[in-house]
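Trainee: This is query-v1.json, which holds JSON, C-alpha atoms:
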```json
[["chain", "number", "residue", "atom", "x", "y", "z"],
["A", 475, "ALA", "CA", 7.43, -32.17, 31.37],
["A", 476, "TRP", "CA", 9.07, -33.71, 34.46],
["A", 477, "TYR", "CA", 8.85, -30.37, 36.25],
["A", 478, "ALA", "CA", 5.17, -30.08, 35.33],
["A", 479, "ILE", "CA", 4.37, -33.52, 36.73],
["A", 480, "VAL", "CA", 6.17, -32.84, 40.01],
["A", 481, "LYS", "CA", 4.52, -29.46, 40.43],
["A", 482, "SER", "CA", 1.07, -30.75, 39.51],
["A", 483, "ARG", "CA", 1.12, -33.05, 42.55],
["A", 484, "HIS", "CA", 0.61, -29.99, 44.73],
["A", 485, "LEU", "CA", -2.47, -28.85, 42.82],
["A", 486, "LYS", "CA", -5.84, -29.94, 44.12],
["A", 487, "SER", "CA", -7.82, -29.79, 40.89],
["A", 488, "THR", "CA", -7.25, -32.45, 38.22],
["A", 489, "MET", "CA", -8.04, -29.90, 35.53],
["A", 490, "HIS", "CA", -5.41, -27.53, 36.93],
["A", 491, "ARG", "CA", -2.87, -30.35, 36.82],
["A", 492, "ILE", "CA", -3.64, -31.08, 33.17],
["A", 493, "ILE", "CA", -3.44, -27.40, 32.19],
["A", 494, "ASN", "CA", -0.14, -27.03, 34.07],
["A", 495, "ILE", "CA", 1.40, -30.02, 32.28],
["A", 496, "VAL", "CA", 0.27, -28.78, 28.85],
["A", 497, "ILE", "CA", 1.62, -25.26, 29.42],
["A", 498, "CYS", "CA", 5.00, -26.39, 30.73],
["A", 499, "THR", "CA", 5.42, -29.01, 28.01],
["A", 500, "GLY", "CA", 4.54, -26.42, 25.36],
["A", 501, "MET", "CA", 7.07, -23.95, 26.76],
["A", 502, "ALA", "CA", 9.74, -26.65, 26.76],
["A", 503, "SER", "CA", 9.01, -27.39, 23.10],
["A", 504, "LEU", "CA", 9.10, -23.69, 22.24],
["A", 505, "LEU", "CA", 12.47, -23.28, 23.96],
["A", 506, "HIS", "CA", 13.90, -26.26, 22.13],
["A", 507, "TYR", "CA", 12.58, -25.68, 18.61],
["A", 508, "HIS", "CA", 12.16, -21.92, 18.33],
["A", 509, "PRO", "CA", 14.85, -20.48, 15.94],
["A", 510, "VAL", "CA", 15.28, -17.34, 18.08],
["A", 511, "LEU", "CA", 14.99, -18.78, 21.57],
["A", 512, "GLY", "CA", 17.32, -21.75, 21.12],
["A", 513, "TRP", "CA", 16.50, -24.06, 18.20],
["A", 514, "SER", "CA", 19.27, -26.63, 17.80],
["A", 515, "PRO", "CA", 18.81, -29.11, 14.95],
["A", 516, "ALA", "CA", 20.35, -32.54, 15.27],
["A", 517, "LYS", "CA", 23.30, -33.15, 12.96],
["A", 518, "PRO", "CA", 22.24, -35.65, 10.25],
["A", 519, "GLU", "CA", 24.12, -38.87, 9.85],
["A", 520, "ILE", "CA", 26.38, -39.30, 6.84],
["A", 521, "GLY", "CA", 24.35, -40.50, 3.90],
["A", 522, "ALA", "CA", 21.04, -39.69, 5.51],
["A", 523, "GLN", "CA", 18.67, -37.32, 3.80],
["A", 524, "SER", "CA", 18.38, -34.16, 5.84],
["A", 525, "SER", "CA", 15.23, -32.09, 6.06],
["A", 526, "PRO", "CA", 15.40, -28.40, 5.15],
["A", 527, "SER", "CA", 16.31, -26.05, 7.98],
["A", 528, "PRO", "CA", 13.86, -23.40, 9.09],
["A", 529, "PRO", "CA", 14.34, -19.98, 7.50],
["A", 530, "ALA", "CA", 16.99, -17.83, 9.13],
["A", 531, "THR", "CA", 15.99, -14.61, 10.79],
["A", 532, "SER", "CA", 17.91, -11.45, 11.51],
["A", 533, "THR", "CA", 17.86, -12.27, 15.23],
["A", 534, "SER", "CA", 18.85, -15.96, 14.96],
["A", 535, "THR", "CA", 22.08, -17.17, 16.57],
["A", 536, "LYS", "CA", 24.40, -18.66, 13.98],
["A", 537, "VAL", "CA", 25.73, -22.11, 15.00],
["A", 538, "THR", "CA", 28.73, -23.59, 13.21],
["A", 539, "GLU", "CA", 29.86, -27.23, 13.08],
["A", 540, "ASN", "CA", 32.45, -26.72, 15.81],
["A", 541, "GLN", "CA", 30.26, -24.59, 18.05],
["A", 542, "GLN", "CA", 27.61, -25.89, 20.41],
["A", 543, "PRO", "CA", 24.45, -23.87, 20.93],
["A", 544, "SER", "CA", 24.85, -21.60, 23.92],
["A", 545, "SER", "CA", 22.54, -22.14, 26.84],
["A", 546, "THR", "CA", 22.43, -18.40, 27.42],
["A", 547, "ASN", "CA", 19.91, -18.13, 24.60],
["A", 548, "ARG", "CA", 17.42, -20.12, 26.62],
["A", 549, "ARG", "CA", 18.12, -18.19, 29.77],
["A", 550, "ALA", "CA", 17.57, -14.97, 27.86],
["A", 551, "ILE", "CA", 13.90, -15.79, 27.56],
["A", 552, "PHE", "CA", 13.39, -15.00, 31.24],
["A", 553, "SER", "CA", 14.75, -11.47, 30.70],
["A", 554, "THR", "CA", 12.75, -10.96, 27.49],
["A", 555, "PRO", "CA", 9.65, -8.74, 27.81],
["A", 556, "LEU", "CA", 6.48, -10.81, 27.82],
["A", 557, "ILE", "CA", 4.98, -8.81, 24.94],
["A", 558, "ALA", "CA", 7.96, -9.66, 22.73],
["A", 559, "LEU", "CA", 7.61, -13.36, 23.49],
["A", 560, "SER", "CA", 3.88, -13.25, 22.84],
["A", 561, "SER", "CA", 4.26, -11.50, 19.48],
["A", 562, "THR", "CA", 6.88, -14.02, 18.39],
["A", 563, "THR", "CA", 4.67, -16.93, 19.43],
["A", 564, "PHE", "CA", 1.65, -15.56, 17.59],
["A", 565, "ALA", "CA", 3.80, -15.00, 14.50],
["A", 566, "LEU", "CA", 4.77, -18.67, 14.58],
["A", 567, "ILE", "CA", 1.15, -19.71, 14.86],
["A", 568, "GLY", "CA", 0.10, -17.49, 11.94],
["A", 569, "GLY", "CA", 2.83, -18.01, 9.40],
["A", 570, "GLY", "CA", 5.45, -20.48, 10.59],
["A", 571, "HIS", "CA", 8.12, -17.87, 11.38],
["A", 572, "PRO", "CA", 8.27, -14.36, 12.82],
["A", 573, "THR", "CA", 7.21, -11.59, 10.46],
["A", 574, "THR", "CA", 8.84, -8.17, 10.19],
["A", 575, "ALA", "CA", 6.91, -4.98, 9.50],
["A", 576, "THR", "CA", 8.06, -3.11, 6.41],
["A", 577, "THR", "CA", 8.80, 0.57, 6.29],
["A", 578, "ALA", "CA", 8.73, 2.92, 3.32],
["A", 579, "ASN", "CA", 11.23, 5.64, 2.62],
["A", 580, "ALA", "CA", 9.80, 9.06, 1.94],
["A", 581, "PHE", "CA", 10.57, 10.84, -1.30],
["A", 582, "ASP", "CA", 13.05, 13.72, -1.31],
["A", 583, "ASN", "CA", 10.36, 16.40, -1.15],
["A", 584, "ALA", "CA", 8.50, 14.96, 1.87],
["A", 585, "ILE", "CA", 7.42, 17.46, 4.48],
["A", 586, "PRO", "CA", 9.56, 17.72, 7.68],
["A", 587, "ASP", "CA", 6.89, 16.00, 9.79],
["A", 588, "TYR", "CA", 7.63, 12.77, 7.96],
["A", 589, "ALA", "CA", 10.45, 12.14, 10.44],
["A", 590, "ILE", "CA", 7.81, 11.61, 13.14],
["A", 591, "TYR", "CA", 6.32, 8.65, 11.26],
["A", 592, "ALA", "CA", 9.47, 7.33, 9.57],
["A", 593, "ASP", "CA", 9.69, 4.23, 11.76],
["A", 594, "LYS", "CA", 6.00, 3.38, 11.59],
["A", 595, "PRO", "CA", 4.84, 0.39, 9.46],
["A", 596, "LYS", "CA", 3.98, 1.44, 5.90],
["A", 597, "ARG", "CA", 1.47, 0.07, 3.41],
["A", 598, "ARG", "CA", 2.85, 0.85, -0.01],
["A", 599, "GLY", "CA", 0.67, -1.68, -1.79],
["A", 600, "THR", "CA", 1.29, -3.39, -5.12],
["A", 601, "PRO", "CA", 1.38, -1.27, -8.29],
["A", 602, "PRO", "CA", -0.97, -2.25, -11.12],
["A", 603, "LYS", "CA", 0.75, -4.42, -13.70],
["A", 604, "ASN", "CA", -0.62, -2.73, -16.80],
["A", 605, "LEU", "CA", 0.17, 0.93, -16.33],
["A", 606, "GLY", "CA", 1.28, 3.03, -19.29],
["A", 607, "ILE", "CA", -0.07, 3.67, -22.78],
["A", 608, "LEU", "CA", -1.55, 0.41, -24.06],
["A", 609, "PRO", "CA", -4.35, -0.67, -26.42],
["A", 610, "ARG", "CA", -7.55, -0.51, -24.35],
["A", 611, "GLU", "CA", -11.14, -1.47, -25.16],
["A", 612, "THR", "CA", -14.04, 0.65, -23.95],
["A", 613, "GLU", "CA", -17.74, 0.66, -24.69],
["A", 614, "GLY", "CA", -18.53, 3.38, -27.20],
["A", 615, "GLU", "CA", -21.92, 4.84, -27.93],
["A", 616, "ASP", "CA", -22.75, 1.85, -30.13],
["A", 617, "ASP", "CA", -19.76, -0.49, -30.43],
["A", 618, "LEU", "CA", -16.51, -1.37, -28.71],
["A", 619, "VAL", "CA", -13.72, 1.15, -29.22],
["A", 620, "LYS", "CA", -10.04, 0.14, -29.11],
["A", 621, "THR", "CA", -7.45, 2.91, -28.74],
["A", 622, "SER", "CA", -4.09, 3.52, -27.11],
["A", 623, "ARG", "CA", -4.94, 4.88, -23.69],
["A", 624, "LEU", "CA", -4.13, 4.85, -19.99],
["A", 625, "ARG", "CA", -5.62, 2.31, -17.63],
["A", 626, "THR", "CA", -9.24, 2.63, -16.52],
["A", 627, "CYS", "CA", -10.55, 2.29, -12.93],
["A", 628, "ASP", "CA", -12.37, -0.63, -11.31],
["A", 629, "GLY", "CA", -15.26, 1.36, -9.87],
["A", 630, "ASN", "CA", -14.01, 1.82, -6.30],
["A", 631, "PRO", "CA", -14.15, 5.43, -5.03],
["A", 632, "ASN", "CA", -10.36, 5.79, -5.01],
["A", 633, "CYS", "CA", -9.51, 6.45, -8.65],
["A", 634, "PHE", "CA", -10.10, 8.80, -11.61],
["A", 635, "SER", "CA", -9.32, 8.21, -15.27],
["A", 636, "THR", "CA", -9.98, 9.73, -18.67],
["A", 637, "THR", "CA", -10.44, 6.16, -19.95],
["A", 638, "GLY", "CA", -13.96, 4.86, -19.50],
["A", 639, "ASP", "CA", -17.13, 3.72, -21.25],
["A", 640, "PHE", "CA", -19.16, 6.29, -23.15],
["A", 641, "LEU", "CA", -22.42, 5.79, -21.22],
["A", 642, "LEU", "CA", -22.74, 6.61, -17.53],
["A", 643, "SER", "CA", -24.86, 3.51, -17.00],
["A", 644, "ASP", "CA", -22.01, 1.34, -18.27],
["A", 645, "ARG", "CA", -19.42, 3.07, -16.08],
["A", 646, "THR", "CA", -21.49, 2.75, -12.90],
["A", 647, "GLN", "CA", -22.41, -0.88, -13.49],
["A", 648, "TYR", "CA", -19.65, -2.03, -11.09],
["A", 649, "GLY", "CA", -19.20, 1.02, -8.88],
["A", 650, "VAL", "CA", -19.01, 4.81, -8.77],
["A", 651, "ASP", "CA", -18.39, 7.01, -11.80],
["A", 652, "PHE", "CA", -14.66, 7.65, -12.10],
["A", 653, "PHE", "CA", -14.55, 9.22, -15.55],
["A", 654, "ILE", "CA", -13.05, 12.70, -16.10],
["A", 655, "PRO", "CA", -12.60, 14.54, -19.45],
["A", 656, "THR", "CA", -9.12, 14.97, -20.89],
["A", 657, "TRP", "CA", -7.13, 18.05, -19.86],
["A", 658, "LYS", "CA", -6.98, 20.45, -22.79],
["A", 659, "PRO", "CA", -4.06, 22.83, -23.19],
["A", 660, "PRO", "CA", -4.68, 26.33, -24.63],
["A", 661, "THR", "CA", -3.08, 25.48, -28.00],
["A", 662, "ALA", "CA", -4.42, 21.96, -28.46],
["A", 663, "ASP", "CA", -4.72, 21.26, -32.17],
["A", 664, "GLY", "CA", -7.03, 18.25, -31.86],
["A", 665, "GLY", "CA", -4.32, 15.80, -32.84],
["A", 666, "GLY", "CA", -2.63, 15.41, -29.50],
["A", 667, "THR", "CA", 0.76, 16.56, -30.76],
["A", 668, "ASN", "CA", 1.31, 19.63, -28.58],
["A", 669, "LYS", "CA", 4.59, 18.62, -26.95],
["A", 670, "GLU", "CA", 5.25, 22.10, -25.64],
["A", 671, "ALA", "CA", 2.01, 22.07, -23.66],
["A", 672, "PHE", "CA", 2.85, 18.63, -22.29],
["A", 673, "GLN", "CA", 6.18, 19.99, -21.08],
["A", 674, "THR", "CA", 4.26, 22.69, -19.24],
["A", 675, "LEU", "CA", 2.26, 19.99, -17.48],
["A", 676, "LYS", "CA", 5.47, 18.19, -16.53],
["A", 677, "ASN", "CA", 6.87, 21.34, -14.98],
["A", 678, "VAL", "CA", 3.73, 21.86, -12.92],
["A", 679, "VAL", "CA", 3.85, 18.27, -11.65],
["A", 680, "LYS", "CA", 7.55, 18.54, -10.80],
["A", 681, "SER", "CA", 6.84, 21.65, -8.71],
["A", 682, "TYR", "CA", 4.08, 19.89, -6.76],
["A", 683, "LYS", "CA", 3.95, 21.01, -3.13],
["A", 684, "ALA", "CA", 3.88, 18.00, -0.83],
["A", 685, "GLY", "CA", 1.38, 18.37, 1.99],
["A", 686, "GLN", "CA", -0.95, 20.74, 0.12],
["A", 687, "GLY", "CA", -4.57, 20.19, 1.06],
["A", 688, "GLY", "CA", -3.42, 17.93, 3.89],
["A", 689, "ILE", "CA", -2.30, 15.13, 1.54],
["A", 690, "ASP", "CA", 0.87, 13.57, 0.08],
["A", 691, "GLY", "CA", 3.02, 14.44, 3.08],
["A", 692, "GLY", "CA", 5.48, 11.71, 2.05],
["A", 693, "GLY", "CA", 6.23, 13.61, -1.15],
["A", 694, "CYS", "CA", 6.29, 12.42, -4.75],
["A", 695, "ALA", "CA", 8.75, 11.18, -7.33],
["A", 696, "ILE", "CA", 8.79, 10.68, -11.10],
["A", 697, "MET", "CA", 9.09, 7.00, -12.00],
["A", 698, "LYS", "CA", 9.07, 7.33, -15.80],
["A", 699, "GLU", "CA", 9.20, 10.27, -18.19],
["A", 700, "THR", "CA", 9.12, 10.44, -21.99],
["A", 701, "ASP", "CA", 8.07, 13.04, -24.55],
["A", 702, "ASN", "CA", 4.43, 11.97, -24.27],
["A", 703, "TYR", "CA", 4.16, 10.10, -20.97],
["A", 704, "LEU", "CA", 4.68, 10.87, -17.29],
["A", 705, "TYR", "CA", 4.33, 8.45, -14.36],
["A", 706, "VAL", "CA", 4.53, 9.79, -10.81],
["A", 707, "GLN", "CA", 4.14, 8.15, -7.40],
["A", 708, "PHE", "CA", 2.71, 10.07, -4.44],
["A", 709, "GLU", "CA", 3.12, 8.91, -0.84],
["A", 710, "SER", "CA", 0.94, 9.66, 2.19],
["A", 711, "LEU", "CA", 2.55, 10.99, 5.33],
["A", 712, "LYS", "CA", 1.60, 8.50, 8.04],
["A", 713, "LYS", "CA", 0.72, 5.14, 6.50],
["A", 714, "GLY", "CA", 2.96, 5.37, 3.44],
["A", 715, "TYR", "CA", 0.12, 4.68, 0.98],
["A", 716, "ILE", "CA", 1.29, 5.03, -2.63],
["A", 717, "ASP", "CA", -0.93, 6.45, -5.37],
["A", 718, "ASP", "CA", -0.02, 5.99, -9.04],
["A", 719, "VAL", "CA", -0.61, 9.03, -11.26],
["A", 720, "GLU", "CA", -0.13, 9.10, -15.05],
["A", 721, "PHE", "CA", -0.37, 11.63, -17.86],
["A", 722, "ALA", "CA", -0.24, 10.78, -21.56],
["A", 723, "LEU", "CA", -0.40, 12.51, -24.90],
["A", 724, "THR", "CA", -1.51, 10.36, -27.86],
["A", 725, "LYS", "CA", -2.90, 10.85, -31.34],
["A", 726, "ASP", "CA", -6.06, 8.95, -30.43],
["A", 727, "THR", "CA", -7.44, 11.57, -28.05],
["A", 728, "LYS", "CA", -7.82, 15.33, -27.87],
["A", 729, "GLY", "CA", -5.96, 16.78, -24.93],
["A", 730, "VAL", "CA", -3.95, 15.03, -22.23],
["A", 731, "GLN", "CA", -5.05, 11.72, -20.74],
["A", 732, "VAL", "CA", -4.98, 11.50, -16.93],
["A", 733, "ARG", "CA", -5.21, 8.74, -14.37],
["A", 734, "SER", "CA", -4.82, 8.94, -10.59],
["A", 735, "GLY", "CA", -5.52, 5.84, -8.48],
["A", 736, "SER", "CA", -4.84, 4.39, -5.04],
["A", 737, "ARG", "CA", -3.34, 0.93, -4.55],
["A", 738, "VAL", "CA", -4.73, 0.19, -1.08],
["A", 739, "GLY", "CA", -8.21, 0.53, 0.37],
["A", 740, "TYR", "CA", -11.74, 0.87, -0.94],
["A", 741, "THR", "CA", -12.02, 4.66, -0.62],
["A", 742, "ASP", "CA", -9.24, 7.25, -0.71],
["A", 743, "PHE", "CA", -10.82, 9.81, 1.66],
["A", 744, "GLY", "CA", -10.87, 12.28, -1.24],
["A", 745, "VAL", "CA", -7.10, 12.29, -1.80],
["A", 746, "ASN", "CA", -7.05, 11.68, -5.56],
["A", 747, "ALA", "CA", -9.61, 14.40, -6.21],
["A", 748, "ILE", "CA", -7.76, 16.90, -4.02],
["A", 749, "ARG", "CA", -4.50, 16.15, -5.84],
["A", 750, "LEU", "CA", -5.92, 16.42, -9.35],
["A", 751, "ASN", "CA", -7.85, 19.59, -8.51],
["A", 752, "TYR", "CA", -4.66, 21.19, -7.22],
["A", 753, "LEU", "CA", -2.68, 20.37, -10.36],
["A", 754, "ALA", "CA", -5.60, 21.43, -12.54],
["A", 755, "SER", "CA", -5.78, 24.82, -10.82],
["A", 756, "GLN", "CA", -2.11, 25.41, -11.58],
["A", 757, "LEU", "CA", -2.68, 24.65, -15.25],
["A", 758, "ARG", "CA", -5.86, 26.70, -15.50],
["A", 759, "ASP", "CA", -3.75, 29.71, -14.57],
["A", 760, "LYS", "CA", -1.76, 28.94, -17.72],
["A", 761, "GLY", "CA", -4.82, 28.78, -19.95],
["A", 762, "TRP", "CA", -5.72, 25.10, -19.75],
["A", 763, "SER", "CA", -9.34, 23.92, -19.85],
["A", 764, "ILE", "CA", -9.90, 21.34, -17.09],
["A", 765, "ASP", "CA", -13.10, 20.36, -15.30],
["A", 766, "GLU", "CA", -12.96, 20.42, -11.50],
["A", 767, "ILE", "CA", -13.89, 17.27, -9.58],
["A", 768, "THR", "CA", -16.77, 18.37, -7.35],
["A", 769, "GLU", "CA", -19.62, 16.84, -5.37],
["A", 770, "LYS", "CA", -21.88, 17.73, -8.28],
["A", 771, "SER", "CA", -19.76, 16.02, -10.92],
["A", 772, "HIS", "CA", -18.89, 12.93, -8.82],
["A", 773, "ARG", "CA", -21.45, 12.74, -6.03],
["A", 774, "ASP", "CA", -21.02, 9.04, -5.17],
["A", 775, "TYR", "CA", -17.25, 9.40, -4.91],
["A", 776, "TRP", "CA", -17.44, 12.28, -2.44],
["A", 777, "THR", "CA", -20.21, 10.61, -0.45],
["A", 778, "ALA", "CA", -18.12, 7.47, 0.03],
["A", 779, "SER", "CA", -15.07, 9.54, 1.00],
["A", 780, "ASP", "CA", -16.95, 11.65, 3.54],
["A", 781, "GLU", "CA", -18.71, 8.66, 5.10],
["A", 782, "ALA", "CA", -15.44, 6.72, 5.42],
["A", 783, "ARG", "CA", -13.69, 9.64, 7.09],
["A", 784, "GLU", "CA", -16.53, 10.08, 9.59],
["A", 785, "ALA", "CA", -16.78, 6.36, 10.34],
["A", 786, "THR", "CA", -13.08, 5.62, 10.94],
["A", 787, "PHE", "CA", -12.01, 4.95, 14.51],
["A", 788, "ASP", "CA", -8.54, 6.34, 13.76],
["A", 789, "ALA", "CA", -8.93, 10.06, 14.35],
["A", 790, "SER", "CA", -5.55, 10.77, 12.74],
["A", 791, "ARG", "CA", -6.79, 9.37, 9.42],
["A", 792, "ARG", "CA", -9.42, 12.06, 9.25],
["A", 793, "GLU", "CA", -6.56, 14.51, 8.81],
["A", 794, "LEU", "CA", -5.62, 12.76, 5.53],
["A", 795, "SER", "CA", -1.89, 13.43, 4.89]]
```
Starting from the coordinates I provided, produce the structure as structure tokens.
Mentor:
Amino acid sequence: AWYAIVKSRHLKSTMHRIINIVICTGMASLLHYHPVLGWSPAKPEIGAQSSPSPPATSTSTKVTENQQPSSTNRRAIFSTPLIALSSTTFALIGGGHPTTATTANAFDNAIPDYAIYADKPKRRGTPPKNLGILPRETEGEDDLVKTSRLRTCDGNPNCFSTTGDFLLSDRTQYGVDFFIPTWKPPTADGGGTNKEAFQTLKNVVKSYKAGQGGIDGGGCAIMKETDNYLYVQFESLKKGYIDDVEFALTKDTKGVQVRSGSRVGYTDFGVNAIRLNYLASQLRDKGWSIDEITEKSHRDYWTASDEAREATFDASRRELS
């Protein structure tokens, strides 16, 4: 502040003097209080109630009782790139302490190009809390129906599920139609007890080719597997988006229940449909009966995906992956 006052005497404009004092005083405060650039808390007196210290960061300098804060930390600011100082300052303004971007690790079967994007920030998202086979209520033709099923979708064009209301008008009340029929194996007996056919589905999923159709470049991994349930996570190549995919075999439905949904974003750019169509094609070769997800069957979904891909300013996103 003293330096600002002295220097301001040489400035002609009163406004320039005021701005100069404010900037220099603010920098002095930043140098004194910032945890990275030289924050040095006063040692509390014995018996006095001390206030909590600011959260430690990976780049903070540890100061012990017998060690005085080094002045080199404050000098280091003048050799620090301006962009680094600016990002730290804005982080303090936004959240009280610097934030660190998170990165996601690719699954074992990620394509080789994943190494190019390994250090980029990832958006894995938060998994739904009620995945799995649970009692679900859906609108039947006349009344509510409660059965053990997989989770439904919320109507955004980034999800498909075999769990949904009977009437199309009910399903599209809050968004696009996400409903798909169950996948029927060649020897389905109508009771949902064909464990051998479900094992065939598991084998097809486990042999999934990451990067097919330009999607899931980060690979996939099985999170949970039982005799009648399979939960798999798929990761995108560049942004690290995670999609949750489930398959279930229950006595309440004919065929295999399916759900594939994205955690992040309004639309999925067609990723979930491309993935399910690929797996379905592998099973059709083995005699399964599965409807393909097309523009005719799910027009609104494909329209939203195509429009989002065309409208994005990030040209690399148009390549999916």
Trainee: Taking 4 positions as the minimum chain separation for residues in the same chain, which residues sit within 8 Å of Tyr705 of chain A when counting all atoms listed in the file? Answer as an MDAnalysis selection string.
Mentor: chainID A and resid 606 696:699 718:721
Trainee: Which is closer to Asp587 of chain A than all the others in A:Leu711, A:Ala782, A:Ala754, A:Ile748, using all atoms listed in the file?
Mentor: A:Leu711
Trainee: Counting all atoms listed in the file, which residues sit no farther than 6 Å from the position (-10.2, 6.6, -16.7) in the file's frame? I'd like them as a PyMOL selection string.
Mentor: chain A and resi 626-627+634-638+653+733
Trainee: Give me, please, the distance in Å between atom CA of Ile767 of chain A and atom CA of Arg610 of chain A, quoted to one decimal.
Mentor: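 Separation between atom CA of Ile767 of chain A and atom CA of Arg610 of chain A: 24.0 Å.
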Trainee: Counting only C-alpha atoms, figure out which residue out of A:Gly735, A:Gly692, A:Pro631, A:Gly685 gets nearest to Asp780 of chain A.
Mentor: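 For Asp780 of chain A, the nearest of the candidates is A:Pro631.
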Trainee: What's the separation between atom CA of Asn583 of chain A and atom CA of Cys694 of chain A, in Å to one decimal place?
Mentor: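 Distance between the two atoms: 6.7 Å.
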Trainee: Could the centre and edge lengths of an axis-aligned box, enclosing all atoms of segment 667-684 of chain A in the file with 5 Å extra on each side, be given in Å to one decimal as lines of an AutoDock Vina configuration file?
Mentor:
```
center_x = 4.2
center_y = 19.6
center_z = -15.8
size_x = 16.8
size_y = 16.1
size_z = 39.9
```
Trainee: Please report the interatomic distance between atom CA of Arg623 of chain A and atom CA of Gly739 of chain A in Å with one decimal.
Mentor: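 Between these atoms lies a distance of 24.7 Å.
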Trainee: Which one is closest to Asp644 of chain A: A:Asp616, A:Glu769, A:Glu781, A:Glu670? Count only C-alpha atoms.
Mentor: A:Asp616
Trainee: Using only C-alpha atoms, find the one residue out of A:Arg783, A:Gly744, A:Ala722, A:Phe708 that sits nearest to Leu624 of chain A.
Mentor: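 Closest to Leu624 of chain A of all the choices is A:Ala722.
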Trainee: Looking at A:Pro660, A:Pro586, A:Pro601, A:Pro595, which one is nearest to Lys713 of chain A, with distances taken over all atoms listed in the file?
Mentor: A:Pro595
Trainee: When distances are computed from only C-alpha atoms, which of A:Val745, A:Leu608, A:Cys633, A:Val650 shows the smallest separation from Tyr703 of chain A?
Mentor: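 For Tyr703 of chain A, the nearest of the candidates is A:Leu608.
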Trainee: Any idea what's packed within 12 Å of Asp759 of chain A, counting all atoms listed in the file, ignoring anything in its chain fewer than 2 positions away? Could you give it as a list in words?
Mentor: Pro659, Pro660, Thr674, Leu675, Val678, Tyr752, Leu753, Ala754, Ser755, Gln756, Leu757, Gly761, Trp762, Ser763 and Ile764 of chain A
